[in-house]
Every structure is written in C-alpha cells, then in structure tokens.
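I have placed the structure first, in the form of structure tokens, so that the comments after it can refer back to it.
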Amino acid sequence: MEKKELRNILMLLSSPRKKSNSTSLAKKIAEGAASQGAAIESVYLHQMSIGPCQACYACQKPDSKGCAIDDDMQSLYPKLLKADSWVIATPVYWFNMSAQTKLFMDRCFAFPAYGKNPFYRKRIAVAMSYGDADPFVSGCINALRCFQDSFRYVGAKIVGMVYGSANEAGEIASNEEVMKAAEELGRKLGKL
Ligand SMILES: Cc1cc2nc3c(=O)[nH]c(=O)nc-3n(C[C@H](O)[C@H](O)[C@H](O)COP(=O)(O)O)c2cc1C
C-alpha cells in the first residue's frame with residue numbers, strides 16, 4: 001500500500017469578521033497540525049457563492065455526476081474529497097451554527113456522488129465561539145450536537161471540538177485555556 005507523506009487539512013472558515021474568534025481558534029488548530037507536518041488549506045465560506053440545496057435529488061441517482069447547482073461548491077467538492085481532515089469554524093448565530101456553515105452542510109448531501117464512501121474515515125475538528133458566557137445558553141451546544149449527529153450519520157469521525165465565549169472580534173486570543181486546547185487538537189489532527 002502507498003504510504004502517505006502528509007495529512008491534508010482543509011479549513012472551512014465561515015465568520016465574516018476580520019479578527020474572527022472562531023477563525024482564530026481554527027488558526028491555532030492549524031498551527032498545531034502544521035507542527036506535525038500537516039499541509040493546510042483554508043477556504044472562506046462567507047466569501048464563496050454557496051446556494052441552498054434545491055432538493056432535486058440529482059446527486060442521489062446511481063449514475064450521478066454530482067450536485068446540479070453550478071456555484072462555488074463545485075470547486076469545493078474535490079478539495080473536500082482530497083482532504084484527510086476538515087476543520088469547521090463557525091460563530092454561534094441565533095443559537096446554532098452560522099447560516100453559511102449550514103448551507104455548506106446541506107450541500108454535503110451531494111458529497112457521496114463525488115467518491116466511494118467519501119465521508120468514511122474523514123476526520124473532523126470543530127471550532128466555535130459565542131457571545132454568552134455559557135455554552136448551553138448561547139446555543140453552542142445545539143450546533144455541536146448537530147455536528148455530532150450529522151458526522152455520526154455519515155460515518156465521519158469527530159476528533160475534537162474547541163469552543164469558547166468571546167464577544168468582541170479577537171477577544172478569544174486572551175483565553176489561554178481554549179487557545180491551548182485548539183493547538184493540542186491540531187497536533188492530534190496533524191499526526192500521521
Ligand atoms: C447575527 C448574530 C447572531 C448571534 N447570535 C448569538 C447567539 O445566538 N448566541 C450567542 O452566544 N452569541 C451570538 N452572537 C455573538 C457571536 O457568536 C460572537 O460574537 C462570536 O464570538 C462571533 O464569532 P466570530 O468572531 O468568529 O464571528 C451572535 C452574533 C451575530 C452577529
């Protein structure tokens with residue numbers, strides 16, 4: 001069997017803010033992964049044109065060529081396929097993941113049309129930030145549960161989740177504990 005040299009990690013960043021807290025956490029994960037020799041690529045979901053799933057089921061047909069919607073997901077599917085791991089970074093918006101992340105998740109309905117069991121063995125890390133002091137009150141736990149249910153359903157493995165309270169842009173950087181946890185998660189993700 002061919003031995004893989006590197007782990008490929010794809011970062012799916014969804015906050016529109018410049019000094020985004022969730023992106024800062026994801027970048028710490030990337031630092032940890034890079035220290036283990038992983039190759040990292042980032043995509044900014046909020047800058048991409050990703051429309052809602054139209055439930056046409058074209059992607060579910062046996063000879064399907066993939067999703068019928070011609071937008072930026074078409075360039076993302078091959079990257080999703082190639083990556084060993086995904087890092088999903090989202091702020092909590094209205095007690096759940098951001099709308100851009102949810103659009104992306106819905107469009108993963110078509111992902112099985114792009115490869116044989118493409119979710120199988122995919123490793124996932126989640127990074128989230130929220131304004132409330134409490135992860136339950138903020139809605140962070142709703143989003144985490146949603147990721148847990150979704151990735152369990154498709155057979156992917158959640159390697160870890162890091163999340164913390166921060167309201168102002170960039171504020172999360174002063175939370176040493178969560179930044180350390182993010183770096184540690186990255187190291188785990190980056191190990192061969
Ligand atoms: C539209 C919107 C909705 C929000 N909804 C919530 C919420 O339901 N619960 C919460 O705790 N914080 C909420 N927040 C605060 C953000 O989650 C918080 O500022 C977070 O750190 C932003 O992450 P970012 O810097 O990565 O964008 C909301 C912020 C916005 C702009």
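Chains: A, B, ... in order of the structure tokens. Residues: from 1 per chain. Ligands: from 1, in order shown.
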
Neighbouring residues of segment 179-183 of chain A were defined as those with any atom within 12 Å, considering only C-alpha atoms; residues of the same chain fewer than 3 positions away were excluded. Please report them as an mmCIF file with C-alpha atoms, in the first residue's frame.
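Everything below was put into result22.cif:
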```cif
data_model
loop_
_atom_site.group_PDB
_atom_site.id
_atom_site.type_symbol
_atom_site.label_atom_id
_atom_site.label_comp_id
_atom_site.auth_asym_id
_atom_site.auth_seq_id
_atom_site.Cartn_x
_atom_site.Cartn_y
_atom_site.Cartn_z
ATOM 1 C CA ASN A 21 -12.794 34.465 17.160
ATOM 2 C CA SER A 22 -13.793 31.194 15.503
ATOM 3 C CA THR A 23 -11.171 31.716 12.777
ATOM 4 C CA SER A 24 -8.546 32.431 15.473
ATOM 5 C CA LEU A 25 -9.350 29.086 17.078
ATOM 6 C CA ALA A 26 -9.127 27.355 13.701
ATOM 7 C CA LYS A 27 -5.778 29.016 13.022
ATOM 8 C CA LYS A 28 -4.465 27.681 16.342
ATOM 9 C CA ILE A 29 -5.648 24.221 15.297
ATOM 10 C CA ALA A 30 -3.744 24.743 12.029
ATOM 11 C CA GLU A 31 -0.595 25.743 13.949
ATOM 12 C CA GLY A 32 -0.754 22.537 15.968
ATOM 13 C CA ALA A 33 -1.358 20.442 12.850
ATOM 14 C CA ALA A 34 1.453 22.166 10.938
ATOM 15 C CA SER A 35 3.854 21.391 13.815
ATOM 16 C CA GLN A 36 3.227 17.710 12.988
ATOM 17 C CA VAL A 87 -11.711 21.948 10.386
ATOM 18 C CA ALA A 89 -15.039 27.048 12.207
ATOM 19 C CA ALA A 125 -12.480 19.187 14.109
ATOM 20 C CA VAL A 126 -14.915 21.930 15.091
ATOM 21 C CA ALA A 127 -14.072 25.430 16.381
ATOM 22 C CA MET A 128 -16.806 27.679 17.719
ATOM 23 C CA SER A 129 -17.190 30.992 19.525
ATOM 24 C CA VAL A 159 -11.561 14.165 16.521
ATOM 25 C CA GLY A 160 -12.385 17.076 18.798
ATOM 26 C CA MET A 161 -14.250 20.309 19.345
ATOM 27 C CA VAL A 162 -12.966 23.545 20.851
ATOM 28 C CA TYR A 163 -15.270 26.368 21.812
ATOM 29 C CA GLY A 164 -15.223 29.447 23.953
ATOM 30 C CA SER A 165 -17.070 32.583 24.914
ATOM 31 C CA GLY A 170 -10.220 38.974 18.545
ATOM 32 C CA GLU A 171 -11.230 38.583 22.196
ATOM 33 C CA ILE A 172 -10.811 34.791 22.201
ATOM 34 C CA ALA A 173 -6.995 35.178 21.926
ATOM 35 C CA SER A 174 -6.856 36.141 25.616
ATOM 36 C CA ASN A 175 -8.484 32.856 26.624
ATOM 37 C CA GLU A 176 -5.278 30.879 27.066
ATOM 38 C CA GLY A 186 -4.410 20.491 15.884
ATOM 39 C CA ARG A 187 -1.482 18.337 16.936
ATOM 40 C CA LYS A 188 -3.833 15.352 17.237
ATOM 41 C CA LEU A 189 -5.312 16.091 13.829
ATOM 42 C CA GLY A 190 -1.916 16.507 12.196
#
```

For this session: Taking only C-alpha atoms and all ligand atoms into account, report as a ChimeraX atom specification which residues have an atom no farther than 7 Å from an atom of ligand 1.
Result: /A:15-17,19-23,90-96,129-132,137-139,165-170

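For segment 57-134 of chain A, the set of residues given strand (DSSP E) by DSSP on the backbone reads A:Ser85, A:Trp86, A:Val87, A:Ile88, A:Ala89, A:Thr90, A:Pro91, A:Arg123, A:Ile124, A:Ala125, A:Val126, A:Ala127, A:Met128, A:Ser129, A:Tyr130.
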
For this session: Measuring atom to atom with only C-alpha atoms, identify which of A:Met97, A:Cys67, A:Cys56, A:Ile124 is nearest to Ala143 of chain A.
Result: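 Of A:Met97, A:Cys67, A:Cys56, A:Ile124, the one nearest Ala143 of chain A is A:Met97, counting only C-alpha atoms.
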